[in-house]
>>> print(open('protein-v8.cif').read())   # mmCIF, C-alpha atoms
data_target
loop_
_atom_site.label_atom_id
_atom_site.label_comp_id
_atom_site.auth_asym_id
_atom_site.auth_seq_id
_atom_site.Cartn_x
_atom_site.Cartn_y
_atom_site.Cartn_z
CA MET F 1 0.00 0.00 0.00
CA LYS F 2 1.25 3.46 -0.90
CA GLU F 3 0.20 6.84 0.44
CA ALA F 4 -0.52 8.00 -3.12
CA PHE F 5 -3.39 5.47 -3.21
CA LEU F 6 -4.90 7.07 -0.11
CA HIS F 7 -4.65 10.47 -1.82
CA HIS F 8 -6.37 8.98 -4.86
CA ILE F 9 -9.24 7.55 -2.81
CA TRP F 10 -9.80 10.81 -0.97
CA ASN F 11 -9.34 13.08 -3.99
CA HIS F 12 -11.78 11.07 -6.14
CA LYS F 13 -14.20 10.45 -3.27
CA LEU F 14 -14.04 6.67 -3.71
CA LEU F 15 -14.82 5.89 -0.07
CA GLN F 16 -18.18 4.99 1.40
CA GLN F 17 -19.44 8.32 2.69
CA HIS F 18 -22.47 7.27 4.68
CA SER F 19 -22.07 5.90 8.21
CA LEU F 20 -18.48 7.12 8.40
CA ARG F 21 -16.98 6.90 11.89
CA THR F 22 -13.60 7.65 13.35
CA PHE F 23 -11.58 5.11 15.29
CA HIS F 24 -12.77 6.91 18.40
CA GLY F 25 -16.44 6.42 17.51
CA SER F 26 -17.42 9.88 16.27
CA SER F 27 -19.64 10.23 13.20
CA ILE F 28 -18.15 11.99 10.17
CA GLU F 29 -19.79 14.01 7.43
CA ILE F 30 -17.40 15.36 4.80
CA ILE F 31 -18.65 18.74 3.66
CA ARG F 32 -15.55 19.53 1.61
CA PHE F 33 -12.69 17.11 0.93
CA GLY F 34 -10.19 19.93 0.42
CA GLN F 35 -7.56 20.59 -2.22
CA LEU F 36 -4.72 18.13 -2.86
CA ASN F 37 -1.47 19.82 -1.84
CA PHE F 38 1.44 19.28 -4.25
CA HIS F 39 3.90 21.14 -2.03
CA SER F 40 5.24 20.60 1.48
CA GLY F 41 2.72 20.45 4.30
CA PRO F 42 -0.49 18.50 4.93
CA ASP F 43 -1.90 16.41 2.07
CA PHE F 44 -5.27 18.20 1.68
CA LEU F 45 -5.92 21.85 2.44
CA GLU F 46 -9.08 23.82 3.27
CA ALA F 47 -11.23 20.80 4.11
CA GLU F 48 -14.56 21.12 5.94
CA ILE F 49 -15.61 18.13 8.01
CA LEU F 50 -18.40 17.66 10.54
CA ILE F 51 -17.05 15.36 13.29
CA GLY F 52 -19.76 14.55 15.79
CA LYS F 53 -21.59 17.84 16.16
CA GLN F 54 -18.52 20.00 15.63
CA LEU F 55 -17.62 21.54 12.25
CA TRP F 56 -13.87 21.55 11.65
CA ILE F 57 -12.14 23.60 8.96
CA GLY F 58 -8.49 22.94 8.17
CA SER F 59 -6.12 20.34 6.74
CA VAL F 60 -6.26 16.56 6.36
CA GLU F 61 -3.07 14.51 6.71
CA MET F 62 -2.78 10.94 5.40
CA HIS F 63 -0.46 8.04 6.20
CA VAL F 64 -0.33 4.35 5.50
CA ASN F 65 0.33 3.78 9.23
CA SER F 66 -0.60 6.10 12.09
CA SER F 67 2.96 5.86 13.39
CA ASP F 68 4.18 7.58 10.22
CA TRP F 69 3.06 10.84 11.84
CA GLU F 70 5.85 10.57 14.39
CA LEU F 71 8.23 9.05 11.86
CA HIS F 72 7.86 12.19 9.75
CA ARG F 73 8.12 14.43 12.86
CA HIS F 74 4.92 16.31 12.11
CA SER F 75 4.33 17.16 15.78
CA ASN F 76 7.28 19.56 15.68
CA ASP F 77 6.25 21.17 12.38
CA PRO F 78 3.90 24.20 12.69
CA ALA F 79 2.60 23.49 9.16
CA TYR F 80 0.73 20.48 10.58
CA HIS F 81 -0.77 22.22 13.60
CA ASN F 82 -4.03 22.97 11.75
CA VAL F 83 -4.74 19.30 10.85
CA ILE F 84 -8.36 18.48 11.67
CA LEU F 85 -8.39 14.77 10.70
CA HIS F 86 -5.73 12.07 10.50
CA VAL F 87 -6.63 9.57 7.75
CA VAL F 88 -4.70 6.26 7.81
CA TRP F 89 -4.86 2.82 6.28
CA ASN F 90 -3.56 1.01 9.36
CA HIS F 91 -4.06 2.45 12.83
CA ASP F 92 -1.05 0.98 14.63
CA CYS F 93 -0.75 3.51 17.44
CA GLU F 94 -2.28 6.59 19.00
CA ILE F 95 -0.57 9.95 18.47
CA ASP F 96 -0.44 11.94 21.70
CA PHE F 97 -0.01 15.26 19.90
CA LEU F 98 -3.27 14.72 17.98
CA ARG F 99 -5.25 13.42 20.94
CA GLN F 100 -4.23 16.43 23.02
CA ARG F 101 -5.79 18.60 20.31
CA ASN F 102 -8.90 16.36 19.98
CA VAL F 103 -7.92 15.49 16.41
CA GLU F 104 -9.44 12.10 15.56
CA THR F 105 -8.32 9.32 13.22
CA LEU F 106 -10.24 7.77 10.31
CA ILE F 107 -9.21 4.22 9.28
CA LEU F 108 -9.78 4.48 5.54
CA GLN F 109 -9.63 0.79 4.63
CA GLU F 110 -12.84 0.14 6.57
CA PHE F 111 -14.77 2.36 4.13
CA VAL F 112 -13.23 1.46 0.74
CA ALA F 113 -14.77 -1.27 -1.44
CA LYS F 114 -12.63 -4.39 -1.67
CA GLU F 115 -12.93 -4.32 -5.47
CA ILE F 116 -11.12 -0.98 -5.60
CA VAL F 117 -8.27 -2.30 -3.48
CA PHE F 118 -8.15 -5.49 -5.55
CA ASN F 119 -7.89 -3.56 -8.83
CA TYR F 120 -5.27 -1.26 -7.36
CA ASN F 121 -3.10 -4.19 -6.30
CA LEU F 122 -3.71 -5.91 -9.62
CA ILE F 123 -2.44 -3.05 -11.77
CA LEU F 124 0.24 -1.63 -9.49
CA ASN F 125 1.83 -4.98 -8.63
CA ASN F 126 1.62 -6.33 -12.17
CA SER F 127 4.95 -7.73 -13.31
CA VAL F 128 3.67 -10.09 -16.01
CA HIS F 129 1.82 -8.06 -18.64
CA TYR F 130 3.17 -5.53 -21.13
CA PHE F 131 1.47 -2.64 -19.34
CA PRO F 132 -0.24 -2.66 -15.92
CA CYS F 133 -3.91 -2.68 -16.96
CA GLU F 134 -3.46 -4.84 -20.06
CA LYS F 135 -6.08 -7.38 -18.96
CA MET F 136 -8.61 -4.75 -17.88
CA ILE F 137 -8.30 -1.94 -20.41
CA LYS F 138 -10.92 -3.48 -22.71
CA THR F 139 -13.57 -2.69 -20.06
CA ILE F 140 -12.99 1.06 -20.41
CA ASP F 141 -15.42 3.36 -22.20
CA PHE F 142 -12.90 5.56 -24.02
CA ASP F 143 -15.56 8.17 -24.80
CA LYS F 144 -15.42 9.09 -21.10
CA ILE F 145 -11.72 9.90 -21.25
CA LYS F 146 -11.52 11.43 -24.75
CA ILE F 147 -10.72 14.89 -23.35
CA TRP F 148 -7.83 13.43 -21.34
CA PHE F 149 -6.49 11.68 -24.45
CA ASP F 150 -6.66 14.98 -26.33
CA ARG F 151 -4.60 16.49 -23.53
CA LEU F 152 -2.03 13.68 -23.87
CA ILE F 153 -1.36 14.32 -27.56
CA ILE F 154 -0.94 18.05 -26.90
CA ASP F 155 1.44 17.22 -24.04
CA ARG F 156 3.44 15.06 -26.44
CA LEU F 157 3.66 17.77 -29.09
CA GLU F 158 4.70 20.34 -26.50
CA LEU F 159 7.35 17.96 -25.13
CA LYS F 160 8.80 17.41 -28.61
CA SER F 161 8.74 21.16 -29.14
CA GLN F 162 10.94 21.64 -26.06
CA GLY F 163 13.62 19.48 -27.69
CA VAL F 164 13.45 21.54 -30.89
CA LEU F 165 13.64 24.75 -28.88
CA LYS F 166 16.86 23.59 -27.17
CA LEU F 167 18.40 22.90 -30.58
CA TYR F 168 17.20 26.28 -31.80
CA GLU F 169 19.05 27.95 -28.93
CA ALA F 170 22.16 25.78 -29.47
CA THR F 171 22.35 26.76 -33.16
CA HIS F 172 22.04 30.48 -32.36
CA HIS F 173 18.52 30.67 -33.79
CA ASN F 174 19.39 29.18 -37.19
CA TRP F 175 16.22 27.46 -38.40
CA GLU F 176 17.92 25.95 -41.47
CA GLU F 177 20.55 24.29 -39.27
CA VAL F 178 17.87 23.03 -36.87
CA THR F 179 16.03 21.59 -39.87
CA PHE F 180 19.14 19.75 -41.09
CA LYS F 181 20.10 18.27 -37.72
CA LEU F 182 16.57 17.10 -36.95
CA LEU F 183 16.16 15.59 -40.39
CA ALA F 184 19.48 13.74 -40.09
CA TYR F 185 18.46 12.31 -36.72
CA ASN F 186 15.13 11.10 -38.06
CA MET F 187 16.66 9.60 -41.19
CA GLY F 188 18.65 7.27 -38.94
CA LEU F 189 15.59 5.49 -37.61
CA LYS F 190 15.84 4.30 -34.03
CA ILE F 191 18.80 2.02 -34.67
CA ASN F 192 21.02 4.69 -36.29
CA ALA F 193 19.53 7.91 -34.90
CA ASP F 194 22.43 8.58 -32.54
CA ALA F 195 24.98 7.85 -35.29
CA PHE F 196 23.27 10.30 -37.65
CA GLU F 197 23.11 12.90 -34.90
CA GLN F 198 26.84 12.48 -34.30
CA TRP F 199 27.41 12.72 -38.05
CA SER F 200 25.37 15.93 -38.43
CA ASN F 201 27.44 17.49 -35.64
CA SER F 202 30.79 16.41 -37.14
CA PHE F 203 31.03 19.37 -39.50
CA PRO F 204 29.86 22.99 -39.38
CA PHE F 205 26.52 23.54 -41.11
CA GLN F 206 28.02 26.51 -42.94
CA ILE F 207 30.26 24.12 -44.92
CA LEU F 208 27.15 22.43 -46.27
CA GLN F 209 25.62 25.77 -47.23
CA LYS F 210 28.80 26.97 -48.97
CA ASN F 211 28.96 23.88 -51.19
CA GLN F 212 25.31 23.36 -52.12
CA PHE F 213 25.97 24.69 -55.60
CA ASP F 214 27.82 21.43 -56.44
CA PRO F 215 25.90 18.12 -55.94
CA LEU F 216 29.14 16.09 -56.17
CA ARG F 217 30.56 17.98 -53.23
CA ILE F 218 27.44 17.43 -51.14
CA TYR F 219 27.56 13.68 -51.73
CA ALA F 220 31.32 13.70 -51.06
CA LEU F 221 30.88 15.70 -47.85
CA PHE F 222 28.09 13.48 -46.54
CA PHE F 223 29.70 10.13 -47.30
CA GLY F 224 33.22 11.29 -46.49
CA GLN F 225 32.28 12.57 -43.04
CA ALA F 226 30.47 9.29 -42.38
CA GLY F 227 33.69 7.37 -43.03
CA PHE F 228 32.39 5.61 -46.15
CA LEU F 229 35.16 6.85 -48.49
CA THR F 230 38.30 5.26 -47.04
CA GLU F 231 38.80 3.22 -50.22
CA SER F 232 37.87 3.28 -53.92
CA MET F 233 35.74 0.32 -55.06
CA ASP F 234 34.54 1.83 -58.35
CA ASP F 235 34.74 5.00 -60.43
CA TYR F 236 31.89 6.79 -58.65
CA MET F 237 33.32 6.08 -55.23
CA HIS F 238 36.75 7.20 -56.41
CA ALA F 239 35.32 10.50 -57.66
CA LEU F 240 33.65 11.11 -54.30
CA LYS F 241 36.83 10.20 -52.47
CA VAL F 242 38.94 12.67 -54.47
CA GLU F 243 36.38 15.43 -53.93
CA TYR F 244 36.10 14.70 -50.21
CA GLU F 245 39.89 14.81 -49.75
CA TYR F 246 39.84 18.32 -51.22
CA ILE F 247 36.98 19.39 -48.90
CA GLN F 248 38.59 17.71 -45.92
CA HIS F 249 41.86 19.53 -46.46
CA LYS F 250 40.19 22.88 -47.16
CA TYR F 251 38.03 22.84 -44.01
CA GLN F 252 40.26 20.70 -41.77
CA LEU F 253 37.55 18.06 -41.30
CA LYS F 254 37.87 14.90 -39.26
CA PRO F 255 35.69 12.04 -40.58
CA LEU F 256 33.83 9.61 -38.33
CA SER F 257 34.37 5.89 -38.35
CA LYS F 258 31.97 3.98 -40.58
CA SER F 259 31.63 1.44 -37.76
CA ILE F 260 29.24 3.70 -35.81
CA PHE F 261 26.56 3.03 -38.45
CA ARG F 262 24.66 -0.23 -38.13
CA PHE F 263 23.50 -2.27 -41.11
CA SER F 264 22.53 -5.50 -39.37
CA SER F 265 18.83 -6.19 -38.76
CA LEU F 266 17.89 -3.48 -41.28
CA ARG F 267 16.15 -3.94 -44.60
CA PRO F 268 18.36 -2.65 -47.47
CA PRO F 269 16.14 0.43 -48.16
CA ASN F 270 16.87 1.51 -44.57
CA PHE F 271 20.65 1.11 -44.82
CA PRO F 272 22.49 4.23 -43.61
CA SER F 273 24.17 4.46 -47.02
CA ILE F 274 20.76 4.88 -48.67
CA ARG F 275 19.61 7.41 -46.07
CA LEU F 276 22.78 9.44 -46.63
CA ALA F 277 22.20 9.36 -50.39
CA GLN F 278 18.61 10.55 -49.88
CA LEU F 279 19.79 13.34 -47.60
CA ALA F 280 22.35 14.36 -50.21
CA SER F 281 19.69 14.37 -52.94
CA ILE F 282 17.58 16.79 -50.86
CA TYR F 283 20.37 19.16 -49.93
CA SER F 284 21.95 19.20 -53.37
CA GLN F 285 18.64 20.44 -54.80
CA GLU F 286 17.01 22.48 -52.00
CA LYS F 287 18.93 25.47 -50.63
CA ASN F 288 16.28 26.67 -48.15
CA LEU F 289 14.56 23.57 -46.84
CA PHE F 290 13.09 25.15 -43.72
CA SER F 291 11.45 27.93 -45.72
CA GLN F 292 9.89 25.26 -47.90
CA LEU F 293 8.61 23.25 -44.93
CA VAL F 294 6.71 26.14 -43.37
CA SER F 295 4.92 26.84 -46.65
CA PHE F 296 3.08 23.50 -46.91
CA ASP F 297 -0.68 23.62 -46.46
CA ASN F 298 -1.49 19.93 -46.19
CA ARG F 299 -0.16 16.37 -46.20
CA LYS F 300 -0.51 15.94 -49.97
CA ASP F 301 1.79 18.90 -50.64
CA ILE F 302 4.43 17.39 -48.36
CA GLU F 303 4.19 13.97 -50.01
CA LEU F 304 4.47 15.36 -53.54
CA TYR F 305 7.44 17.49 -52.61
CA PHE F 306 9.56 14.75 -51.03
CA GLU F 307 8.61 12.07 -53.57
CA ASN F 308 10.43 14.13 -56.23
CA PHE F 309 13.91 13.75 -54.73
CA GLU F 310 16.01 11.06 -56.43
CA PRO F 311 19.50 10.13 -55.21
CA HIS F 312 22.35 9.96 -57.74
CA ILE F 313 21.77 7.34 -60.46
CA TYR F 314 24.55 5.22 -58.94
CA TRP F 315 22.21 4.32 -56.08
CA ASN F 316 19.59 2.92 -58.47
CA THR F 317 21.75 -0.22 -58.66
CA HIS F 318 23.41 -0.11 -55.22
CA PHE F 319 22.46 -0.31 -51.57
CA VAL F 320 26.08 -0.05 -50.50
CA PHE F 321 29.25 1.04 -52.28
CA GLY F 322 30.86 -1.46 -54.64
CA LYS F 323 28.06 -4.04 -54.70
CA GLN F 324 25.50 -3.97 -57.50
CA SER F 325 21.84 -4.87 -56.98
CA LYS F 326 18.60 -4.91 -58.93
CA SER F 327 17.82 -1.49 -60.40
CA ILE F 328 15.32 0.58 -58.43
CA VAL F 329 15.08 4.33 -57.81
CA LYS F 330 15.76 4.98 -54.11
CA ARG F 331 13.21 7.71 -53.50
CA LEU F 332 11.79 8.22 -50.02
CA SER F 333 8.88 5.84 -49.53
CA LYS F 334 5.49 7.21 -48.56
CA SER F 335 5.73 5.50 -45.17
CA LYS F 336 9.10 7.18 -44.55
CA ILE F 337 7.67 10.56 -45.54
CA HIS F 338 4.82 10.00 -43.07
CA GLN F 339 7.32 9.13 -40.37
CA LEU F 340 9.17 12.36 -41.13
CA ILE F 341 5.93 14.35 -40.95
CA ILE F 342 5.22 12.95 -37.48
CA ASN F 343 8.67 13.17 -35.96
CA TRP F 344 10.36 15.98 -37.89
CA ILE F 345 8.06 18.38 -39.71
CA ILE F 346 5.33 18.67 -37.08
CA PRO F 347 7.65 19.32 -34.09
CA LEU F 348 9.75 21.73 -36.18
CA ARG F 349 6.86 23.78 -37.53
CA LEU F 350 4.97 23.74 -34.25
CA THR F 351 7.98 25.19 -32.42
CA TYR F 352 8.38 27.86 -35.08
CA ASP F 353 4.68 28.74 -34.78
CA LEU F 354 4.96 28.92 -30.99
CA ILE F 355 7.88 31.33 -31.20
CA SER F 356 6.13 33.34 -33.90
CA ASP F 357 2.96 33.39 -31.78
CA HIS F 358 0.62 32.13 -34.52
CA LEU F 359 0.11 28.51 -33.48
CA ASP F 360 -2.96 26.71 -34.85
CA MET F 361 -2.91 23.46 -32.87
CA GLU F 362 -5.95 22.14 -34.72
CA TRP F 363 -3.95 22.09 -37.99
CA TYR F 364 -1.39 19.75 -36.45
CA LEU F 365 -4.02 17.49 -34.89
CA GLN F 366 -5.84 17.20 -38.21
CA LEU F 367 -2.56 16.43 -39.98
CA LEU F 368 -1.88 13.61 -37.52
CA GLU F 369 -5.42 12.31 -37.93
CA SER F 370 -4.94 12.18 -41.71
CA LEU F 371 -2.02 9.75 -41.33
CA LYS F 372 -2.31 6.04 -40.66
CA SER F 373 -1.32 4.69 -37.29
CA GLU F 374 2.35 3.87 -36.84
CA GLU F 375 3.26 0.21 -36.72
CA ASN F 376 5.51 -1.00 -33.94
CA ARG F 377 5.47 -3.39 -31.01
CA VAL F 378 4.05 -0.85 -28.58
CA ILE F 379 1.06 -0.08 -30.80
CA GLU F 380 0.53 -3.77 -31.56
CA ASN F 381 0.37 -4.68 -27.87
CA TYR F 382 -2.21 -2.01 -27.08
CA GLN F 383 -4.28 -3.04 -30.10
CA ASN F 384 -4.16 -6.67 -28.97
CA ALA F 385 -5.41 -5.55 -25.55
CA GLY F 386 -8.46 -3.96 -27.18
CA VAL F 387 -7.45 -0.32 -27.71
CA LEU F 388 -8.70 1.15 -31.00
CA ILE F 389 -5.77 2.86 -32.75
CA GLN F 390 -6.51 4.12 -36.25
CA SER F 391 -4.53 7.29 -36.96
CA ALA F 392 -1.10 8.69 -36.17
CA LYS F 393 -2.83 10.92 -33.64
CA ASP F 394 -3.96 7.76 -31.82
CA SER F 395 -0.60 6.03 -32.04
CA GLN F 396 1.31 9.12 -30.84
CA THR F 397 -1.08 9.38 -27.90
CA ILE F 398 -0.51 5.74 -26.97
CA LEU F 399 3.28 6.09 -27.25
CA HIS F 400 3.11 9.01 -24.83
CA LEU F 401 0.82 7.07 -22.51
CA LYS F 402 3.16 4.07 -22.50
CA LYS F 403 6.33 6.04 -21.76
CA TYR F 404 5.10 8.56 -19.22
CA TYR F 405 2.31 6.67 -17.46
CA CYS F 406 2.41 2.89 -18.01
CA ASP F 407 6.17 2.41 -17.79
CA GLU F 408 6.33 4.57 -14.67
CA LYS F 409 3.18 2.95 -13.25
CA LYS F 410 1.49 6.29 -12.76
CA CYS F 411 -1.89 4.58 -12.85
CA LEU F 412 -3.29 6.91 -10.19
CA ASN F 413 -2.54 9.89 -12.45
CA CYS F 414 -4.00 8.18 -15.53
CA ALA F 415 -7.62 8.52 -16.63
CA ILE F 416 -7.66 4.83 -17.63
CA GLY F 417 -6.36 3.84 -14.21
CA ASN F 418 -8.98 6.03 -12.54
CA GLU F 419 -11.78 4.38 -14.52
CA ILE F 420 -10.49 0.90 -13.66
CA LEU F 421 -10.30 1.74 -9.96
CA LYS F 422 -13.90 2.92 -10.03
CA THR F 423 -15.22 -0.40 -11.36
#
>>> encode(input="protein-v8.cif", output="structure tokens")
Amino acid sequence: MKEAFLHHIWNHKLLQQHSLRTFHGSSIEIIRFGQLNFHSGPDFLEAEILIGKQLWIGSVEMHVNSSDWELHRHSNDPAYHNVILHVVWNHDCEIDFLRQRNVETLILQEFVAKEIVFNYNLILNNSVHYFPCEKMIKTIDFDKIKIWFDRLIIDRLELKSQGVLKLYEATHHNWEEVTFKLLAYNMGLKINADAFEQWSNSFPFQILQKNQFDPLRIYALFFGQAGFLTESMDDYMHALKVEYEYIQHKYQLKPLSKSIFRFSSLRPPNFPSIRLAQLASIYSQEKNLFSQLVSFDNRKDIELYFENFEPHIYWNTHFVFGKQSKSIVKRLSKSKIHQLIINWIIPLRLTYDLISDHLDMEWYLQLLESLKSEENRVIENYQNAGVLIQSAKDSQTILHLKKYYCDEKKCLNCAIGNEILKT
């Protein structure tokens, strides 16, 4: 049993309120439960409680055991001198300080339905299922908590925006550089995201801007800095190598080791070599990518724009340097573009709109709703448990729920957990 559960019971009025009696035999009528205190001091403030025939106005303090009062040294703390009721789960001793002031004790477990306690123990002590309420979530009427889910997706967007804002400050308010670094990170997928982030930070962004007039130099810069040009396997690779050596000498660059990029467990279209080629195709053709991103009106415009970028013809017949494969143009797939909309374009534009003070949150929510749900193990497990997930808005909400509520077992702060504890 945790004290937070007692707070939850009291705050949501989940106790039997008729025939309430203190340990000392006095009747209780709760006029006002008070406000949950998130700072130091008693747990609930400004409560109004009729105990016997006397109306008390003040604070309510809660403990799992009565003895916790002395353990926490509340008797010596003036902040607790206006406590009017001591609410406990187990009454293991009398507190002289409270009795001298005629403050009585309510044993909460005597007035809480066993089903609520059972559900609490079931979800909080769950060590078997993928998330605590996995076996009970199908009983929830999600229409009742729709507003809370809407709050979750906004919380997620705002949290992502904070990361973009930090990068904006670190780049001295250079939106084009922020755009490049965020795009590089997201091109790496989860398995290579850190490697691509390290790569994007391995050379000054200004070098990229100064050489965008020459596609060969952009490809040479990108692959050379990634450590892919240490040898010459064919004519194209040799040309890139020669060009990179010139750039490296001119700007005193230090390339990374190719070993930081992972190829294993990836499908060939997701190889870091292909993602670098796609990045190079974008930046060898688009000089002001950020300006372009903030001009899009809808998802279709974004899709059409990014579907037009084709990497150098060499990559039509290669997934890696020096090894030919079946010919196929390595454009960004529609699913990859959608992933970039969710994790790159939306956080980037939203942050820009926040700073510019013309944010239209509904536009972003509608854009997410227009995209199909993401597919990963997290989403699959919630779907298998009975949660309806149809759009990217739904899947992003669930990902936020999983990370910040389920994984941390914050069931008492979760609308789903609250509904389960009521049943």
>>> atom_distance(input="protein-v8.cif", atom1="CA of Ala220 in chain F", atom2="CA of Gln248 in chain F")
9.8 Å
>>> closest_residue(input="protein-v8.cif", among="F:Leu157, F:Ile191, F:Leu332, F:Ile346", to="Glu310 in chain F", atoms="only C-alpha atoms")
F:Leu332
>>> closest_residue(input="protein-v8.cif", among="F:Glu307, F:Glu48, F:Glu158, F:Glu375", to="Arg349 in chain F", atoms="all atoms listed in the file")
F:Glu158
>>> residues_around(input="protein-v8.cif", residues="Leu359 in chain F", least_positions_apart="3", cutoff="12 Å", atoms="only C-alpha atoms", output="PyMOL selection string")
chain F and resi 158+346-347+349-356+362-365
>>> closest_residue(input="protein-v8.cif", among="F:His8, F:Phe319, F:Ile30, F:Leu240", to="Arg267 in chain F", atoms="all atoms listed in the file")
F:Phe319
>>> closest_residue(input="protein-v8.cif", among="F:Asn192, F:Ser59, F:Asn121, F:Ser291", to="Leu348 in chain F", atoms="all atoms listed in the file")
F:Ser291
>>> closest_atom_pairs(input="protein-v8.cif", of="range 259-350 of chain F", to="range 393-408 of chain F", cutoff="12 Å", atoms="all atoms listed in the file", output="CSV")
residue,atom,partner,partner_atom,distance
F:Gln339,CA,F:Gln396,CA,11.3
F:Ile341,CA,F:Lys393,CA,11.9
F:Ile342,CA,F:Gln396,CA,8.6
F:Asn343,CA,F:Gln396,CA,9.8
F:Ile346,CA,F:Lys393,CA,11.8
>>> residues_near_point(input="protein-v8.cif", point="(-9.4, 7.6, -13.8)", cutoff="10 Å", atoms="all atoms listed in the file", output="list of chain:residue names")
F:His8, F:His12, F:Ile140, F:Lys144, F:Ile145, F:Trp148, F:Cys411, F:Leu412, F:Asn413, F:Cys414, F:Ala415, F:Ile416, F:Gly417, F:Asn418, F:Glu419, F:Ile420, F:Leu421, F:Lys422
>>> atom_distance(input="protein-v8.cif", atom1="CA of Ile95 in chain F", atom2="CA of Pro78 in chain F")
16.0 Å
>>> resolve_selection(input="protein-v8.cif", expression="the PyMOL selection byres ((chain F and resi 66-74) around 12)", output="JSON, numbers by chain")
{"F": [3, 23, 40, 41, 42, 61, 62, 63, 64, 65, 75, 76, 77, 78, 79, 80, 81, 82, 83, 85, 86, 87, 88, 89, 90, 91, 92, 93, 94, 95, 96, 97, 98, 104, 105, 106, 107, 108]}
>>> resolve_selection(input="protein-v8.cif", expression="the PyMOL selection byres ((chain F and resi 369) around 8)", output="mmCIF file with C-alpha atoms, keeping the file's coordinate frame")
data_model
loop_
_atom_site.group_PDB
_atom_site.id
_atom_site.type_symbol
_atom_site.label_atom_id
_atom_site.label_comp_id
_atom_site.auth_asym_id
_atom_site.auth_seq_id
_atom_site.Cartn_x
_atom_site.Cartn_y
_atom_site.Cartn_z
ATOM 1 C CA LEU F 365 -4.020 17.490 -34.890
ATOM 2 C CA GLN F 366 -5.840 17.200 -38.210
ATOM 3 C CA LEU F 367 -2.560 16.430 -39.980
ATOM 4 C CA LEU F 368 -1.880 13.610 -37.520
ATOM 5 C CA SER F 370 -4.940 12.180 -41.710
ATOM 6 C CA LEU F 371 -2.020 9.750 -41.330
ATOM 7 C CA LYS F 372 -2.310 6.040 -40.660
ATOM 8 C CA SER F 391 -4.530 7.290 -36.960
ATOM 9 C CA ALA F 392 -1.100 8.690 -36.170
ATOM 10 C CA LYS F 393 -2.830 10.920 -33.640
ATOM 11 C CA ASP F 394 -3.960 7.760 -31.820
#
>>> resolve_selection(input="protein-v8.cif", expression="the PyMOL selection byres ((chain F and resi 287) around 10)", output="list in words")
Glu176, Leu208, Gln209, Gln212, Phe213, Ile282, Tyr283, Ser284, Gln285, Glu286, Asn288, Leu289, Phe290, Ser291 and Gln292 of chain F
>>> closest_residue(input="protein-v8.cif", among="F:Leu45, F:Lys210, F:Phe271, F:Asn201", to="Leu253 in chain F", atoms="only C-alpha atoms")
F:Asn201
>>> closest_residue(input="protein-v8.cif", among="F:Gly34, F:Met361, F:Ser265, F:Gly224", to="Asp150 in chain F", atoms="only C-alpha atoms")
F:Met361
>>> atom_distance(input="protein-v8.cif", atom1="CA of Trp315 in chain F", atom2="CA of Leu266 in chain F")
17.3 Å
>>> residues_around(input="protein-v8.cif", residues="Glu197 in chain F", least_positions_apart="2", cutoff="12 Å", atoms="all atoms listed in the file", output="PyMOL selection string")
chain F and resi 167+178+180-195+199-203+226+256+260-261
>>> residues_around(input="protein-v8.cif", residues="Gly322 in chain F", least_positions_apart="4", cutoff="10 Å", atoms="only C-alpha atoms", output="ChimeraX atom specification")
/F:232-237,318
